[in-house]
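Accompanying notes for the structure given below.
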Amino acid sequence: MEIQPNLHTIDWIVLSITLIFIVVYGTYVTRKNTNVQDYIKGGNDTKWWTIGLSVMATQASAITFLSTPGQAFHSGMGFVQFYFGLPIAMIIICIVFIPIYHKLKVYTAYEFLEGRFDVKTRTLTAILFLIQRGLSAGITIFAPAIILSAVLGWDLLSLNIIIGFLVIIYTVSGGTKAVNVTQKQQMIIIFLGMFIAFWMIVNQLPTDITFTKALEIAGASGKMEILDFSFDLNNRYTVWSGFIGGTFLMLSYFGTDQSQVQRYLSGKSVRESQLGMVFNGLLKVPMQFFILLVGVMVFVFYQFNASPLNFNPKANEVVRKSSYQADYQKLTEEHIVIENTKKALLADGIQKHEVAEIQMLNSKDAALKDASKEIIDKINLENPLEKIESNDKDYVFIHFILNNLPKGLIGLLLAVILSAAMSSTASELNALASTTAMDLYKRSNTIEKSEMHYVKASKWFTLLWGIIAISVACVANLFDNLIQLVNIIGSIFYGNVLGIFLLAFFIKYVKGNAVFIAAIITQILIIIVWYLDWLPYLWLNLLGCILVMMIAILLQFLQKTTDYVSE
Amino acid sequence: MNQPKNIGGKEYAIVLIANLIYILVCYFLMQLFTI
């Protein structure tokens, strides 16, 4: 695929109007914030469906819509298992977390920890959140920016700044209410865009290929292996890692990450907040399933249409200019032969006796793709300053959009991707600012200040975190798969923080000092385990959570024993 | 009529049953289309 610097005017109009409308509307309807309650908790008048959509929009970033279909294109539908723990986590949060947060009328999740333990534990968890979420906010902007810049030839730096700046406008101005209001519209755009895209893909399949035949073709190529019941720790996505690791990850994300907690703290009542989470628990798995199915249909589409050896246009461009050009050309020619053979075989769907041949052709094609990646990696070694992503997962769906959708729809799909980036970033900036304002700034202020003072401070902190996120985005380097990068950062910190919260909720015996020391020891151990690659990253949550709880209980026991002996 | 403060077991049961159905659908799709 060539880099496509020129979008059609209609696409520019659709894209610009959608994004500008969201920013202007969000800023206008939420311009009056007179107190902290309004700015940080959205005036506590949010209805359940707004909470539900807001929670979903926060979690679904641009990475979700770019990378997930690519994941299904290459590895099939198995990624859906990652979300199996989410409904269980939603129920635990509804029963345990929400009633307590509402009863104590906290502004942030970490505020609750001061009442239960002490100020140092509150500050530690707030800081762990700020580090992790501050980095993630940068990646949330950077991830779509690097892909769109590679595909459309847009300037990466400018794109980072534009996405960040648009979010800053309404998040600084309207706080939580602006985030909630805009996320509702962004989710409507996202759903609309994805449904139309799915419909277009299925419609562009050859007339003989019905939806069922398309699924049979996908199945013969191993894309419909949705569930994996094996206990192999090396398999990243299995039913068990989804249920156990996923429950812990989702529990920590939705229960203790302020960017999510803030969404349901804005609820009109405990009931509205709970219904919002239940709504998320009902829709999340089908939504992810649908996005993966879009990727599978893109795979079937490319069984009948020419596809590049590597979907990253920058990679193709660099190879063409390198000394490996001839080798790469040879691989491309072999790839075209395989494509044509498959196309002829699959013209009327797949028959049982053709499965073995298709599988053989698929594995040959996979070998060619691996060989092309090796060439790109060799070029990267020779030119380490301008590394090119050899893994093309994130480029598959955007390649399809730009080359096969009609004018106007391309603009809408780009609006989907940028809306998703903006909705996640808005929640992140909003939460980073609230945590900085309430857990660090207000808590350390000894002189009483007015409500307006803290509203202004929160606005300044939102702006500051926006600038930090843009700066992180501008210096970030792409590695492996983006969706996993964000999850890995989460897994390193989340388990520990979740363990602290579980101790707070369920184990009254443990007190502040024991928890604080246990949290620091656990964080060091988890970073070592991750660095030495002893466990797949999804399991780090579980390990961090168990470690901090066990160490804290042990320390509390030792402290009690020492006190008893010294008495 | 005043609504209860918290949602009850019915809502949680709906979430669990719905997700069980999703997983069963995944299982049957897999059986049907994996050759």
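Residues in the structure tokens are named by chain (A, B, ... in the order shown) and by number from 1 within that chain; ligands are numbered from 1 in the order shown.
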With chain A as the partner and 6 Å as the cut-off, tabulate the residues of chain B that qualify, each row holding the nearest pair of atoms and their distance in Å to one decimal, using only C-alpha atoms, sorted by chain and rising number, as a tab-separated table.
residue	atom	partner	partner_atom	distance
B:Lys5	CA	A:Arg271	CA	5.9
B:Asn6	CA	A:Arg271	CA	5.0
B:Ile7	CA	A:Arg271	CA	5.8
B:Val15	CA	A:Leu282	CA	5.6
B:Met30	CA	A:Met224	CA	5.5
B:Phe33	CA	A:Gly219	CA	4.8
B:Thr34	CA	A:Gly219	CA	4.5
B:Ile35	CA	A:Ala220	CA	5.5
Output file for the selection above: N, CA, C and O atoms, as a CSV table (one decimal), in the first residue's frame:
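Dumped to result-v7.csv:
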chain,number,residue,atom,x,y,z
B,5,LYS,N,-32.3,1.0,47.3
B,5,LYS,CA,-31.1,1.8,47.2
B,5,LYS,C,-30.1,1.1,46.3
B,5,LYS,O,-29.4,1.7,45.5
B,6,ASN,N,-30.0,-0.2,46.5
B,6,ASN,CA,-29.0,-1.0,45.7
B,6,ASN,C,-29.8,-1.9,44.7
B,6,ASN,O,-30.9,-2.2,45.0
B,7,ILE,N,-29.1,-2.3,43.6
B,7,ILE,CA,-29.7,-3.2,42.7
B,7,ILE,C,-29.6,-4.6,43.4
B,7,ILE,O,-28.8,-4.8,44.3
B,15,VAL,N,-26.7,-10.6,34.4
B,15,VAL,CA,-25.4,-10.4,33.8
B,15,VAL,C,-24.7,-11.8,33.7
B,15,VAL,O,-24.1,-12.1,32.6
B,30,MET,N,-17.5,-22.1,17.5
B,30,MET,CA,-16.2,-22.8,17.4
B,30,MET,C,-16.4,-24.2,16.8
B,30,MET,O,-15.7,-24.6,15.9
B,33,PHE,N,-17.6,-24.1,13.1
B,33,PHE,CA,-16.8,-23.5,12.0
B,33,PHE,C,-15.3,-23.9,12.1
B,33,PHE,O,-14.6,-23.5,11.2
B,34,THR,N,-14.9,-24.6,13.2
B,34,THR,CA,-13.5,-25.0,13.2
B,34,THR,C,-13.4,-26.4,12.6
B,34,THR,O,-14.1,-27.3,13.0
B,35,ILE,N,-12.7,-26.5,11.5
B,35,ILE,CA,-12.6,-27.8,10.8
B,35,ILE,C,-11.3,-28.5,11.2
B,35,ILE,O,-10.3,-27.9,11.1
(message) Excluding segment 23-39 of chain A and its own-chain neighbours fewer than 2 positions away, which residues fall within 7 Å of it when counting only C-alpha atoms? Please give them as a PyMOL selection string.
(response) chain A and resi 19-21+41-43+166+170+173-178+181-182+451-452+454-455
(request) Pick out the closest residue to Leu148 of chain A from this set: A:Ile169, A:Ala89, A:Ile63, A:Leu130. Count only C-alpha atoms. (result) A:Ile63
